[in-house]
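Trainee: For reference, the file query.txt (compact mmCIF, C-alpha atoms) is included below:
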# COMPACT_ATOMS: atom_id res chain seq x y z
CA GLY A 1490 -21.33 69.84 -36.58
CA ARG A 1491 -21.19 66.57 -34.69
CA THR A 1492 -18.00 65.49 -36.46
CA LEU A 1493 -16.16 68.58 -35.22
CA GLU A 1494 -17.47 68.01 -31.69
CA ARG A 1495 -16.18 64.44 -31.69
CA ALA A 1496 -12.81 65.60 -33.00
CA MET A 1497 -12.54 68.22 -30.25
CA GLU A 1498 -13.58 65.69 -27.63
CA LYS A 1499 -10.90 63.23 -28.78
CA MET A 1500 -8.31 66.02 -28.81
CA ASN A 1501 -9.20 67.00 -25.24
CA LEU A 1502 -8.94 63.38 -24.08
CA TYR A 1503 -5.60 63.07 -25.83
CA MET A 1504 -4.23 66.17 -24.13
CA GLN A 1505 -5.53 64.94 -20.77
CA TRP A 1506 -3.75 61.62 -21.37
CA ARG A 1507 -0.48 63.41 -22.12
CA GLU A 1508 -0.84 65.59 -19.03
CA LYS A 1509 -1.73 62.62 -16.80
CA TYR A 1510 1.49 60.83 -17.71
CA GLN A 1511 3.60 64.00 -18.03
CA LEU A 1512 4.57 63.13 -21.62
CA ASP A 1513 5.62 66.67 -22.42
CA GLY A 1514 7.70 67.15 -19.30
CA SER A 1515 11.48 67.26 -19.13
CA THR A 1516 11.68 63.86 -17.41
CA PHE A 1517 10.04 62.26 -20.44
CA ARG A 1518 11.69 64.04 -23.35
CA LYS A 1519 15.14 64.23 -21.77
CA PRO A 1520 15.76 60.77 -20.31
CA ASN A 1521 19.02 58.94 -19.83
CA PRO A 1522 20.96 59.70 -23.04
CA THR A 1523 22.79 56.35 -23.05
CA PHE A 1524 20.10 54.47 -25.01
CA LYS A 1525 22.02 52.28 -27.43
CA THR A 1526 19.36 49.77 -28.39
CA ASP A 1527 15.61 49.53 -28.77
CA LYS A 1528 15.51 47.33 -25.65
CA ASP A 1529 17.00 50.16 -23.59
CA VAL A 1530 14.03 52.33 -24.59
CA TRP A 1531 11.54 49.59 -23.65
CA ASP A 1532 13.08 49.07 -20.21
CA TRP A 1533 13.02 52.82 -19.63
CA ALA A 1534 9.36 53.04 -20.74
CA VAL A 1535 8.43 50.31 -18.26
CA ASN A 1536 10.16 52.18 -15.44
CA TYR A 1537 8.49 55.44 -16.46
CA ALA A 1538 5.01 53.88 -16.76
CA ALA A 1539 5.28 52.31 -13.29
CA ARG A 1540 5.72 55.75 -11.75
CA TYR A 1541 2.32 56.90 -13.01
CA TYR A 1542 0.32 53.68 -13.15
CA GLN A 1543 -2.91 53.67 -11.16
CA GLY A 1544 -4.47 50.25 -11.65
CA ASP A 1545 -7.80 49.45 -10.06
CA SER A 1546 -6.97 47.86 -6.69
CA VAL A 1547 -3.96 46.18 -8.26
CA LYS A 1548 -0.55 46.52 -6.69
CA LEU A 1549 2.18 46.66 -9.30
CA ASP A 1550 5.01 44.51 -8.02
CA LEU A 1551 8.03 45.18 -10.22
CA ASN A 1552 11.67 45.30 -9.27
CA LEU A 1553 12.41 48.21 -11.57
CA LYS A 1554 16.05 48.33 -10.62
CA GLU A 1555 16.62 45.34 -12.86
CA PRO A 1556 15.94 45.93 -16.58
CA GLY A 1557 14.05 43.17 -18.31
CA THR A 1558 11.63 42.48 -15.46
CA LEU A 1559 8.64 43.04 -17.75
CA PRO A 1560 8.64 40.89 -20.91
CA ARG A 1561 9.53 42.95 -23.96
CA ILE A 1562 6.35 42.50 -25.95
CA VAL A 1563 7.04 45.27 -28.46
CA ARG A 1564 10.02 46.36 -30.55
CA PHE A 1565 10.97 48.38 -33.59
CA GLY A 1566 14.13 46.34 -33.98
CA ASP A 1567 17.43 46.26 -32.17
CA VAL A 1568 20.16 48.79 -32.95
CA ILE A 1569 18.54 49.45 -36.33
CA ASP A 1570 14.76 49.62 -36.70
CA LEU A 1571 12.75 47.34 -38.98
CA LYS A 1572 11.68 48.96 -42.25
CA ALA A 1573 8.97 48.03 -44.73
CA LEU A 1574 9.41 48.29 -48.50
CA ASP A 1575 7.63 51.66 -48.46
CA GLY A 1576 10.27 53.02 -46.06
CA ARG A 1577 7.98 53.12 -43.04
CA ARG A 1578 9.12 51.62 -39.76
CA ILE A 1579 7.57 48.41 -38.48
CA VAL A 1580 6.70 47.79 -34.84
CA GLN A 1581 6.54 44.11 -33.87
CA VAL A 1582 4.20 43.08 -31.05
CA LEU A 1583 4.46 39.65 -29.38
CA PRO A 1584 1.42 39.21 -27.07
CA GLY A 1585 2.37 35.58 -26.34
CA MET A 1586 5.05 36.97 -23.98
CA LEU A 1587 2.46 38.80 -21.90
CA ASP A 1588 2.73 37.48 -18.35
CA LYS A 1589 -0.10 38.56 -16.07
CA THR A 1590 1.72 37.21 -13.02
CA VAL A 1591 4.23 40.02 -13.46
CA ALA A 1592 1.82 42.88 -14.25
CA PRO A 1593 -1.83 43.35 -15.26
CA GLN A 1594 -2.80 43.66 -18.90
CA ASP A 1595 -3.60 47.36 -18.78
CA PHE A 1596 -0.09 48.08 -17.49
CA TYR A 1597 1.38 46.37 -20.56
CA SER A 1598 -0.87 48.52 -22.75
CA LEU A 1599 0.33 51.66 -20.97
CA CYS A 1600 3.98 50.64 -21.39
CA VAL A 1601 3.47 50.08 -25.11
CA ALA A 1602 1.76 53.46 -25.49
CA ILE A 1603 4.57 55.29 -23.66
CA TYR A 1604 7.24 53.37 -25.58
CA LEU A 1605 5.62 54.30 -28.91
CA ASP A 1606 5.14 57.92 -27.91
CA PHE A 1607 8.83 58.17 -27.09
CA LYS A 1608 9.94 56.43 -30.28
CA LEU A 1609 7.80 58.67 -32.50
CA ASP A 1610 8.84 62.28 -33.02
CA ARG A 1611 5.91 64.58 -32.24
CA GLU A 1612 7.26 67.10 -34.73
CA SER A 1613 7.00 64.61 -37.60
CA ASN A 1614 4.07 63.09 -39.49
CA GLU A 1615 5.63 59.63 -39.51
CA THR A 1616 3.28 56.68 -39.93
CA ILE A 1617 4.09 53.07 -39.05
CA HIS A 1618 3.06 49.49 -39.72
CA VAL A 1619 2.06 47.42 -36.67
CA PHE A 1620 2.60 43.65 -36.83
CA VAL A 1621 0.86 41.72 -34.04
CA ASP A 1622 2.21 38.14 -34.02
CA LEU A 1623 -0.10 35.87 -32.01
CA ARG A 1624 2.05 32.75 -32.31
CA ALA A 1625 3.24 31.00 -29.19
CA GLY A 1626 6.89 31.10 -28.15
CA LYS A 1627 9.15 28.59 -26.45
CA ASN A 1628 8.66 28.81 -22.65
CA TRP A 1629 6.48 31.93 -22.91
CA PRO A 1630 3.23 32.20 -20.90
CA ASN A 1631 1.41 31.58 -24.21
CA ALA A 1632 -2.15 32.50 -23.35
CA ALA A 1633 -4.58 31.26 -25.98
CA PRO A 1634 -5.23 33.66 -28.88
CA THR A 1635 -8.83 33.90 -27.69
CA VAL A 1636 -7.48 35.27 -24.40
CA LEU A 1637 -5.00 37.61 -26.10
CA MET A 1638 -7.61 39.25 -28.33
CA PRO A 1639 -8.70 41.62 -25.50
CA PHE A 1640 -5.10 42.86 -25.35
CA VAL A 1641 -5.13 43.39 -29.12
CA LYS A 1642 -8.33 45.40 -28.70
CA ASP A 1643 -6.82 47.49 -25.89
CA LEU A 1644 -3.65 48.11 -27.88
CA THR A 1645 -5.63 49.11 -30.96
CA ASN A 1646 -7.76 51.51 -28.94
CA GLN A 1647 -4.62 53.02 -27.41
CA LEU A 1648 -3.36 53.75 -30.92
CA ALA A 1649 -6.77 55.02 -32.01
CA ASP A 1650 -7.14 57.36 -29.04
CA ASN A 1651 -3.59 58.65 -28.67
CA MET A 1652 -1.97 58.41 -32.10
CA PRO A 1653 -4.77 57.77 -34.62
CA GLU A 1654 -2.95 59.05 -37.67
CA ARG A 1655 0.28 57.19 -36.94
CA MET A 1656 -0.97 53.70 -37.82
CA ILE A 1657 -0.95 53.19 -41.57
CA SER A 1658 -1.76 49.49 -41.19
CA THR A 1659 -1.99 46.74 -38.58
CA ILE A 1660 -1.63 43.06 -39.40
CA VAL A 1661 -2.74 40.55 -36.78
CA TYR A 1662 -1.48 37.04 -37.51
CA PRO A 1663 -1.93 34.11 -37.45
CA VAL A 1664 -5.31 33.92 -35.73
CA PRO A 1665 -6.95 30.48 -35.31
CA SER A 1666 -10.40 30.25 -36.86
CA LEU A 1667 -11.95 29.52 -33.45
CA ALA A 1668 -11.21 33.17 -32.54
CA LYS A 1669 -13.40 34.54 -35.37
CA PRO A 1670 -16.46 35.11 -33.13
CA ILE A 1671 -14.30 36.95 -30.59
CA TRP A 1672 -12.78 39.19 -33.26
CA ALA A 1673 -16.25 39.89 -34.68
CA LEU A 1674 -17.35 40.98 -31.20
CA PHE A 1675 -14.33 43.18 -30.47
CA LYS A 1676 -14.52 44.96 -33.83
CA GLY A 1677 -17.62 46.66 -32.51
CA PHE A 1678 -15.55 48.38 -29.82
CA ILE A 1679 -12.94 49.75 -32.23
CA PRO A 1680 -13.57 52.87 -34.36
CA SER A 1681 -14.47 51.89 -37.93
CA LYS A 1682 -11.70 54.12 -39.28
CA ILE A 1683 -9.19 52.00 -37.37
CA VAL A 1684 -10.87 48.67 -38.16
CA ASN A 1685 -10.41 49.47 -41.85
CA LYS A 1686 -6.64 49.62 -41.27
CA ILE A 1687 -6.53 46.19 -39.59
CA LYS A 1688 -5.93 43.01 -41.54
CA VAL A 1689 -6.42 39.66 -39.80
CA LEU A 1690 -4.63 36.63 -41.24
CA TRP A 1691 -6.11 33.32 -40.15
CA GLY A 1692 -4.08 30.23 -39.40
CA PRO A 1693 -2.46 28.05 -36.71
CA SER A 1694 -0.52 29.91 -34.02
CA GLY A 1695 1.75 27.32 -32.43
CA VAL A 1696 5.44 27.73 -31.62
CA LYS A 1697 6.48 26.17 -34.94
CA SER A 1698 3.67 27.63 -37.05
CA PRO A 1699 5.01 29.57 -40.04
CA ILE A 1700 4.29 33.18 -40.83
CA PRO A 1701 1.29 33.21 -43.21
CA LYS A 1702 2.45 33.30 -46.83
CA THR A 1703 0.03 36.13 -47.54
CA MET A 1704 2.34 38.42 -45.55
CA MET A 1705 4.48 38.69 -48.68
CA LYS A 1706 1.59 39.45 -51.02
CA ASP A 1707 0.79 42.93 -49.71
CA GLY A 1708 4.04 44.44 -50.94
CA ILE A 1709 5.00 45.53 -47.42
CA LEU A 1710 7.85 43.10 -46.77
CA ASP A 1711 10.74 41.51 -48.57
CA GLU A 1712 12.24 38.15 -47.58
CA HIS A 1713 15.12 39.77 -45.67
CA THR A 1714 12.81 41.81 -43.41
CA LEU A 1715 10.54 38.81 -42.92
CA GLU A 1716 13.56 36.82 -41.78
CA GLN A 1717 14.57 39.61 -39.40
CA ILE A 1718 11.09 39.63 -37.85
CA GLU A 1719 11.22 35.88 -37.33
CA ASN A 1720 14.73 36.05 -35.84
CA TYR A 1721 13.62 38.70 -33.34
CA ARG A 1722 10.75 36.46 -32.26
CA VAL A 1723 13.01 33.43 -31.82
CA ASP A 1724 15.56 35.55 -29.92
CA GLU A 1725 12.93 36.03 -27.20
CA PHE A 1726 12.47 32.30 -26.63
CA LEU A 1727 13.44 31.28 -23.10
For this file, write the structure as C-alpha cells.
Mentor:
Amino acid sequence: GRTLERAMEKMNLYMQWREKYQLDGSTFRKPNPTFKTDKDVWDWAVNYAARYYQGDSVKLDLNLKEPGTLPRIVRFGDVIDLKALDGRRIVQVLPGMLDKTVAPQDFYSLCVAIYLDFKLDRESNETIHVFVDLRAGKNWPNAAPTVLMPFVKDLTNQLADNMPERMISTIVYPVPSLAKPIWALFKGFIPSKIVNKIKVLWGPSGVKSPIPKTMMKDGILDEHTLEQIENYRVDEFL
C-alpha cells in the first residue's frame, strides 16, 4: 500500500544520501585513528563535510588545516560520552554558537549529520536523546531563538530522513514564548512521528538563564549529568 511506498521512497533517498557523501567508503569508516576526544571527531566531520558540500551559489571559506574553525555546535561529551538514566547516550546541541559568517546554515546541518553518522554504529540499534539548548552564550553570535528555529527544523528533518529510528527523544529548551507561532508553523514541515518525540520547554534563553526545572521531571537526567551538560556549555564561552 501507500505506507510501503513511502517507506521505500525514504529508504531510496537515504541510500542516495549515503552515496552522495560516500558514507560507506573507506575514507569515512577508516579515518585518522588518533581520535582521543569527541572534539577530534567533530573537527574531522567538518573537514569531511567540506569536501562534499555543494551549497547553492555559496562559497565555503574555511581554513580546514586548523581544527576548531567551525564552532562546535554538537557534542556527545568529551573523552567520555554523556549518558541518561536509561543508559542511552545524550547529544548536546548548542545552536547559539552557529556563526553564519563562517559557514551557511545548511553546512552546519550537514556537519552534524556526518558527525552523528560516524558516532553511531550502523551495526547497532542504538537510540539517543537529543538536547537542543537555545540559550545564549558569552561572546557567541547568539542569534535570536526565533532565528534559530529554522536550524532546529533542518536538524530535526536530517534526523528524520537519515536516522529516523535513532532519536528516542528530543528536548528543545528553553524557548521564549514569542517563538510559539514559529514553532507551530515549523511543526507542519516535520513528520508527525518525529514531532511526537519532540518536547519543547518554554522559558527565557539568556546567557544566565537556568535550565528549566522540568528537565529533571522526565526521569532522563540526574543532577550530576545535568551539571555536566551545563559545564560543557560554559566551557564553550569565549
Trainee: So, with only C-alpha atoms as the atoms that count, which of A:Pro1639, A:Gly1626, A:Pro1560, A:Gly1692 lies closest to Tyr1597 (chain A)?
Mentor: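 Going through A:Pro1639, A:Gly1626, A:Pro1560, A:Gly1692 one by one, the smallest distance to Tyr1597 (chain A) is for A:Pro1560.
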Trainee: Find the residues of region 1593-1614 of chain A that sit at most 8 Å from region 1645-1655 of chain A; for each, write down the nearest two atoms and how far apart they are in Å, to one decimal. Count only C-alpha atoms. Sort by chain, then by number going up, and give it as a Markdown table.
Mentor:
| residue | atom | partner | partner_atom | distance |
| --- | --- | --- | --- | --- |
| A:Ser1598 | CA | A:Gln1647 | CA | 7.5 |
| A:Ala1602 | CA | A:Gln1647 | CA | 6.7 |
| A:Asn1614 | CA | A:Arg1655 | CA | 7.5 |
Trainee: What lies within 9 Å of region 1565-1570 of chain A using all atoms listed in the file, ignoring chain neighbours under 5 positions off, as a PyMOL selection string?
Mentor: chain A and resi 1525-1528+1578-1582+1608+1717-1718+1721
Trainee: Please determine, counting only C-alpha atoms, which residue among A:Val1591, A:Ile1617, A:Met1497, A:Leu1637 has the shortest atom-to-atom distance to Phe1675 (chain A).
Mentor: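 Under the stated criterion, the closest residue is A:Leu1637.
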Trainee: For Tyr1510 (chain A), please output as a list in words all residues within 8 Å (counting only C-alpha atoms; exclusion window: fewer than 2 positions along the same chain).
Mentor: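 So the residues in contact are Trp1506, Arg1507, Glu1508, Leu1512, Ala1538 and Tyr1541 of chain A.
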Trainee: Separation of CA of Val1689 (chain A) and CA of Tyr1662 (chain A), in Å?
Mentor: 6.0 Å
Trainee: Please measure the separation of CA of Ala1539 (chain A) and CA of Lys1642 (chain A), giving the value in Å to one decimal.
Mentor: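 Spanning CA of Ala1539 (chain A) to CA of Lys1642 (chain A) is a straight-line distance of 21.7 Å.
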Trainee: At most 12 Å from (-13.1, 38.9, -32.4), file frame, only C-alpha atoms: which residues, as a PyMOL selection string?
Mentor: chain A and resi 1634-1642+1661+1664-1679+1684+1689+1691
Trainee: Hey, can you check how far CA of Leu1574 (chain A) sits from CA of Leu1710 (chain A)?
Mentor: 5.7 Å
Trainee: So, with only C-alpha atoms as the atoms that count, which of A:Asp1575, A:Asp1513, A:Asp1610, A:Glu1712 lies closest to Ile1657 (chain A)?
Mentor: A:Asp1575
Trainee: Contacts of Pro1630 (chain A) at 9 Å or less, counting only C-alpha atoms, minus same-chain residues fewer than 3 places along, as a list of chain:residue names?
Mentor: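 Once the nearby chain positions are removed, what remains is A:Gly1585, A:Met1586, A:Leu1587, A:Asp1588, A:Lys1589, A:Ala1625, A:Gly1626, A:Lys1627.
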